[in-house]
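**Q** Just dropping this structure here.
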Amino acid sequence: AQTFPPRPFRFTREQYHEMGARGFFDGKRVELIFGEVVEMSPTNWPHVVGCRKTAELLERVFAGTAWVGRADPINLAHSDPQPDVAAFPGRFEDYVDHPTTALLVVEVADSTLAYDTTTKAELYATAGVADYWVVDIPNRQLHVFRDPEPLPNDLKATAYRTHLTLQPTESVGPLAAPHASVLVSDLLP
């Protein structure tokens with residue numbers, strides 16, 4: 001008899017949204033990552049403050065050129081992540097469905113740093129997001145990921161070639177807003 005190792009069932013975005021509509025996730029904060037339904041961690045106050053500061057700052061940086069979403073889903077094929085903050089091209093009124101790309105994605109990490117710098121980084125790199133930031137609350141740093149590139153010998157996965165770790169006194173400009181300068185401490189709670 002032939003044996004097969006167990007493997008997870010991968011949901012499509014349509015199945016995920018249908019389950020949500022039927023109440024499967026009532027009372028839970030979840031997102032679809034690489035076809036798997038993942039429960040999101042509880043939101044604590046430092047996370048709220050970091051998200052709000054980041055969103056408000058990026059709204060000024062991208063004023064007139066992009067709109068800034070707060071925990072808005074992105075349609076990435078077999079994933080439906082809800083990044084803490086993201087800048088999307090154009091105006092939100094121009095969209096008839098969830099965006100399929102972003103100019104900049106930012107996750108604010110308090111208890112999710114390892115996940116945000118590995119699984120989420122792979123997800124956004126594979127989706128072709130050129131600029132991905134992780135606000136690292138515990139270490140008071142900003143991780144900047146850029147230059148997505150397919151991994152050698154893997155037809156599906158992509159990783160970022162560049163990973164910078166910036167301190168509170170350092171600044172960075174989003175790739176899509178090169179004229180801007182963001183001080184890392186202005187993102188931290």
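Chain identifiers are assigned as A, B, and so on, following the order in which chains appear in the structure tokens; residues are numbered from 1 within each chain, and ligands are numbered from 1 in order of appearance.
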Based on the backbone DSSP call, show me all residues of segment 10-121 of chain A assigned strand (DSSP E), as a ChimeraX atom specification.
**A** /A:30-33,36-39,66-70,85-89,104-109
**Q** Using backbone DSSP assignments, extract all helix (DSSP H, G or I) residues from segment 49-189 of chain A; output them as number ranges by chain.
**A** A: 49-61, 92-94, 113-117, 119-126, 184-186
**Q** Could you save the residues just selected, with N, CA and C atoms, as a CSV table (one decimal), in the first residue's frame?
**A**
```csv
chain,number,residue,atom,x,y,z
A,49,VAL,N,-0.8,51.8,19.4
A,49,VAL,CA,-0.1,53.1,19.3
A,49,VAL,C,0.8,53.1,18.1
A,50,GLY,N,1.6,52.0,18.0
A,50,GLY,CA,2.5,51.8,16.8
A,50,GLY,C,1.8,51.9,15.5
A,51,CYS,N,0.6,51.2,15.4
A,51,CYS,CA,-0.1,51.2,14.2
A,51,CYS,C,-0.7,52.6,13.8
A,52,ARG,N,-1.2,53.2,14.8
A,52,ARG,CA,-1.8,54.6,14.6
A,52,ARG,C,-0.7,55.6,14.2
A,53,LYS,N,0.4,55.6,14.9
A,53,LYS,CA,1.5,56.5,14.6
A,53,LYS,C,2.0,56.3,13.2
A,54,THR,N,2.2,55.0,12.8
A,54,THR,CA,2.7,54.6,11.5
A,54,THR,C,1.7,55.1,10.4
A,55,ALA,N,0.4,54.8,10.6
A,55,ALA,CA,-0.6,55.1,9.6
A,55,ALA,C,-0.7,56.6,9.4
A,56,GLU,N,-0.7,57.4,10.5
A,56,GLU,CA,-0.8,58.8,10.4
A,56,GLU,C,0.4,59.4,9.7
A,57,LEU,N,1.6,58.9,10.0
A,57,LEU,CA,2.8,59.5,9.4
A,57,LEU,C,2.8,59.1,7.9
A,58,LEU,N,2.4,57.9,7.6
A,58,LEU,CA,2.4,57.5,6.1
A,58,LEU,C,1.3,58.2,5.4
A,59,GLU,N,0.2,58.6,6.0
A,59,GLU,CA,-0.8,59.4,5.3
A,59,GLU,C,-0.3,60.8,4.9
A,60,ARG,N,0.6,61.3,5.7
A,60,ARG,CA,1.2,62.6,5.3
A,60,ARG,C,2.3,62.4,4.2
A,61,VAL,N,3.0,61.3,4.3
A,61,VAL,CA,4.1,61.0,3.3
A,61,VAL,C,3.4,60.7,2.0
A,92,PHE,N,-8.7,55.2,-2.9
A,92,PHE,CA,-9.5,54.0,-2.5
A,92,PHE,C,-10.8,53.9,-3.3
A,93,GLU,N,-11.3,55.1,-3.7
A,93,GLU,CA,-12.6,55.1,-4.5
A,93,GLU,C,-12.4,54.4,-5.8
A,94,ASP,N,-11.2,54.3,-6.3
A,94,ASP,CA,-10.9,53.7,-7.6
A,94,ASP,C,-11.0,52.1,-7.6
A,113,LEU,N,7.2,39.2,16.1
A,113,LEU,CA,8.3,39.6,15.4
A,113,LEU,C,8.9,38.4,14.5
A,114,ALA,N,9.1,37.3,15.0
A,114,ALA,CA,9.6,36.1,14.3
A,114,ALA,C,8.7,35.8,13.1
A,115,TYR,N,7.4,35.8,13.3
A,115,TYR,CA,6.5,35.5,12.2
A,115,TYR,C,6.5,36.6,11.1
A,116,ASP,N,6.5,37.8,11.6
A,116,ASP,CA,6.5,38.9,10.6
A,116,ASP,C,7.8,39.0,9.8
A,117,THR,N,8.9,38.6,10.4
A,117,THR,CA,10.2,38.7,9.6
A,117,THR,C,10.5,37.4,8.9
A,119,THR,N,7.7,34.3,7.8
A,119,THR,CA,6.5,33.9,7.0
A,119,THR,C,5.9,35.1,6.3
A,120,LYS,N,5.7,36.2,7.0
A,120,LYS,CA,5.1,37.4,6.3
A,120,LYS,C,6.0,38.0,5.3
A,121,ALA,N,7.3,38.0,5.6
A,121,ALA,CA,8.3,38.6,4.7
A,121,ALA,C,8.3,37.7,3.4
A,122,GLU,N,8.2,36.4,3.5
A,122,GLU,CA,8.2,35.5,2.4
A,122,GLU,C,6.9,35.8,1.6
A,123,LEU,N,5.8,35.9,2.3
A,123,LEU,CA,4.5,36.2,1.6
A,123,LEU,C,4.5,37.4,0.8
A,124,TYR,N,5.0,38.5,1.4
A,124,TYR,CA,5.0,39.8,0.7
A,124,TYR,C,6.1,39.8,-0.4
A,125,ALA,N,7.2,39.2,-0.2
A,125,ALA,CA,8.2,39.1,-1.3
A,125,ALA,C,7.7,38.3,-2.5
A,126,THR,N,7.0,37.2,-2.2
A,126,THR,CA,6.5,36.3,-3.2
A,126,THR,C,5.4,37.1,-4.0
A,184,VAL,N,12.7,56.7,12.5
A,184,VAL,CA,12.2,55.4,13.1
A,184,VAL,C,11.5,55.7,14.4
A,185,SER,N,12.0,56.6,15.2
A,185,SER,CA,11.4,56.8,16.5
A,185,SER,C,10.0,57.4,16.4
A,186,ASP,N,9.7,58.0,15.2
A,186,ASP,CA,8.3,58.5,15.0
A,186,ASP,C,7.3,57.4,14.7
```
**Q** What does the distance from atom CA of Glu36 of chain A to atom CA of His98 of chain A come to in Å, to one decimal?
**A**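 If I compute the distance from atom CA of Glu36 of chain A to atom CA of His98 of chain A, I get 18.8 Å.
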**Q** Identify, on the basis of only C-alpha atoms, every residue whose closest approach to Ala66 of chain A does not exceed 10 Å; exclude the query and any residue fewer than 2 positions from it along the same chain; express the result as a list of chain:residue names.
**A**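 Listed by chain and then number, they are A:Leu58, A:Glu59, A:Val61, A:Phe62, A:Ala63, A:Gly64, A:Val68, A:Gly69, A:Ala86, A:Ala87, A:Phe88, A:Pro89, A:Gly90, A:Arg91, A:Phe92, A:Ala102, A:Leu103, A:Ala176, A:Ala177.
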**Q** Give me, please, the distance in Å between atom CA of Met40 of chain A and atom CA of His78 of chain A, quoted to one decimal.
**A**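 Distance reported for this atom pair: 17.3 Å.
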**Q** Suppose you want the space between atom CA of His143 of chain A and atom CA of Leu164 of chain A; what is it in Å?
**A**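 Going from atom CA of His143 of chain A over to atom CA of Leu164 of chain A covers 5.7 Å.
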**Q** Which residue out of A:Gly20, A:Pro189, A:Pro83, A:Gly27 has the minimum interatomic distance to Val134 of chain A when only C-alpha atoms are used?
**A**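 Among the listed residues, A:Pro83 lies closest to Val134 of chain A.
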**Q** Could you check which of A:Gly23, A:Pro168, A:Gly173, A:Pro73 is closest to Tyr132 of chain A, using only C-alpha atoms?
**A** A:Gly173
**Q** Ranking A:Trp67, A:Trp45, A:Phe145, A:Phe34 by minimum distance to Asp110 of chain A and counting only C-alpha atoms, which one comes first?
**A**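 Closest to Asp110 of chain A of all the choices is A:Trp45.
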